[in-house]
Amino acid sequence: MFDHVKFGVRDYPKSRAFFVRALEPLGITNVNEWPPDGVELSHPDGNVSLCLFATHETPAHLHLAFVAESRRQVDAFYRAALAAGGTDNGPPGLRPQYHANYYAAFVLDPDGHNIEAVCHERA
């Protein structure tokens with residue numbers, strides 16, 4: 001649906017470390033750096049990316065949902081995101097209010113953005 005999403009973060013080193021570690025279980029890696037304070041994250045062969053950059057502005061909160069290929073990937077994302085300093089905003093589980101197979105986990109990043117990993121496949 002989009003080519004890239006770019007948003008500012010207040011503590012660039014902390015946010016960069018959070019996203020790199022939290023998204024690793026989903027196969028998302030650092031594909032480009034923009035010194036001194038910018039990074040692009042994507043699947044190595046992907047054509048959609050997430051870009052972070054340092055800002056002194058207080059950014060509005062976002063909700064970013066990343067595709068997970070399996071429920072195990074959702075679980076791994078959740079553990080990695082918490083270990084990277086994220087705050088629980090909804091543990092892994094089914095969300096039948098969205099649809100019968102909506103399996104997701106939600107974590108707040110260092111700036112309070114709601115970061116989700118979701119799998120739409122059956123168990």
# chains A, B, ... in the order shown; residues from 1 in each chain; ligands from 1

$ closest_atom_pairs --of "stretch 31-84 of chain A" --to "stretch 4-9 of chain A" --cutoff "7 Å" --atoms "only C-alpha atoms" --output "Markdown table"
| residue | atom | partner | partner_atom | distance |
| --- | --- | --- | --- | --- |
| A:Val48 | CA | A:His4 | CA | 5.3 |
| A:Ser49 | CA | A:His4 | CA | 4.5 |
| A:Leu50 | CA | A:Val5 | CA | 4.9 |
| A:Cys51 | CA | A:Lys6 | CA | 4.4 |
| A:Leu52 | CA | A:Phe7 | CA | 5.3 |
| A:Phe53 | CA | A:Gly8 | CA | 4.9 |
| A:Ala54 | CA | A:Val9 | CA | 5.2 |
| A:Thr55 | CA | A:Gly8 | CA | 5.3 |
| A:Pro59 | CA | A:Gly8 | CA | 6.4 |

$ select_by_dssp --residues "stretch 2-47 of chain A" --states "strand (DSSP E or B)" --output "MDAnalysis selection string"
chainID A and resid 4:9 29:33 38:42

$ closest_residue --among "A:Asp111, A:Ala65, A:Ala123, A:Phe2" --to "A:Gly93" --atoms "only C-alpha atoms"
A:Ala123

$ residues_around --residues "stretch 28-36 of chain A" --least-positions-apart "6" --cutoff "12 Å" --atoms "only C-alpha atoms" --output "ChimeraX atom specification"
/A:12-13,16-22,42-55,66-68,73,77,117

$ closest_residue --among "A:His120, A:Arg10, A:His56, A:His61" --to "A:Arg95" --atoms "only C-alpha atoms"
A:His120

$ select_by_dssp --residues "stretch 21-90 of chain A" --states "alpha helix (DSSP H)" --output "ChimeraX atom specification"
/A:21-23,71-83

$ write_last_selection --atoms "N, CA and C atoms" --output "JSON list (two decimals), in the first residue's frame"
[["chain", "number", "residue", "atom", "x", "y", "z"],
["A", 21, "ARG", "N", 15.90, -4.32, 17.01],
["A", 21, "ARG", "CA", 15.75, -5.55, 17.79],
["A", 21, "ARG", "C", 14.32, -6.10, 17.74],
["A", 22, "ALA", "N", 13.33, -5.23, 17.85],
["A", 22, "ALA", "CA", 11.94, -5.68, 17.89],
["A", 22, "ALA", "C", 11.48, -6.26, 16.56],
["A", 23, "LEU", "N", 11.97, -5.74, 15.45],
["A", 23, "LEU", "CA", 11.51, -6.19, 14.14],
["A", 23, "LEU", "C", 12.34, -7.32, 13.55],
["A", 71, "ARG", "N", 2.01, -17.10, 13.69],
["A", 71, "ARG", "CA", 1.74, -16.69, 15.06],
["A", 71, "ARG", "C", 3.01, -16.76, 15.90],
["A", 72, "ARG", "N", 3.88, -17.68, 15.57],
["A", 72, "ARG", "CA", 5.17, -17.78, 16.28],
["A", 72, "ARG", "C", 5.99, -16.51, 16.07],
["A", 73, "GLN", "N", 5.92, -15.93, 14.87],
["A", 73, "GLN", "CA", 6.62, -14.68, 14.62],
["A", 73, "GLN", "C", 6.03, -13.54, 15.45],
["A", 74, "VAL", "N", 4.72, -13.52, 15.60],
["A", 74, "VAL", "CA", 4.07, -12.51, 16.46],
["A", 74, "VAL", "C", 4.60, -12.64, 17.88],
["A", 75, "ASP", "N", 4.63, -13.88, 18.38],
["A", 75, "ASP", "CA", 5.13, -14.12, 19.73],
["A", 75, "ASP", "C", 6.59, -13.67, 19.88],
["A", 76, "ALA", "N", 7.42, -13.98, 18.87],
["A", 76, "ALA", "CA", 8.83, -13.62, 18.92],
["A", 76, "ALA", "C", 9.00, -12.10, 18.86],
["A", 77, "PHE", "N", 8.21, -11.44, 18.03],
["A", 77, "PHE", "CA", 8.23, -9.97, 17.97],
["A", 77, "PHE", "C", 7.93, -9.39, 19.35],
["A", 78, "TYR", "N", 6.90, -9.88, 19.99],
["A", 78, "TYR", "CA", 6.48, -9.36, 21.30],
["A", 78, "TYR", "C", 7.60, -9.50, 22.32],
["A", 79, "ARG", "N", 8.21, -10.67, 22.38],
["A", 79, "ARG", "CA", 9.31, -10.89, 23.33],
["A", 79, "ARG", "C", 10.49, -9.98, 23.01],
["A", 80, "ALA", "N", 10.85, -9.87, 21.73],
["A", 80, "ALA", "CA", 11.98, -9.04, 21.33],
["A", 80, "ALA", "C", 11.70, -7.56, 21.61],
["A", 81, "ALA", "N", 10.48, -7.12, 21.34],
["A", 81, "ALA", "CA", 10.13, -5.72, 21.57],
["A", 81, "ALA", "C", 10.18, -5.37, 23.05],
["A", 82, "LEU", "N", 9.69, -6.26, 23.90],
["A", 82, "LEU", "CA", 9.76, -6.01, 25.35],
["A", 82, "LEU", "C", 11.21, -6.01, 25.81],
["A", 83, "ALA", "N", 12.01, -6.95, 25.31],
["A", 83, "ALA", "CA", 13.42, -7.02, 25.69],
["A", 83, "ALA", "C", 14.19, -5.78, 25.21]]

$ closest_residue --among "A:Glu121, A:Glu40, A:Asp3, A:Asp11" --to "A:His99" --atoms "only C-alpha atoms"
A:Glu121

$ closest_residue --among "A:Pro110, A:Lys14, A:Glu69, A:Thr87" --to "A:Arg122" --atoms "only C-alpha atoms"
A:Glu69
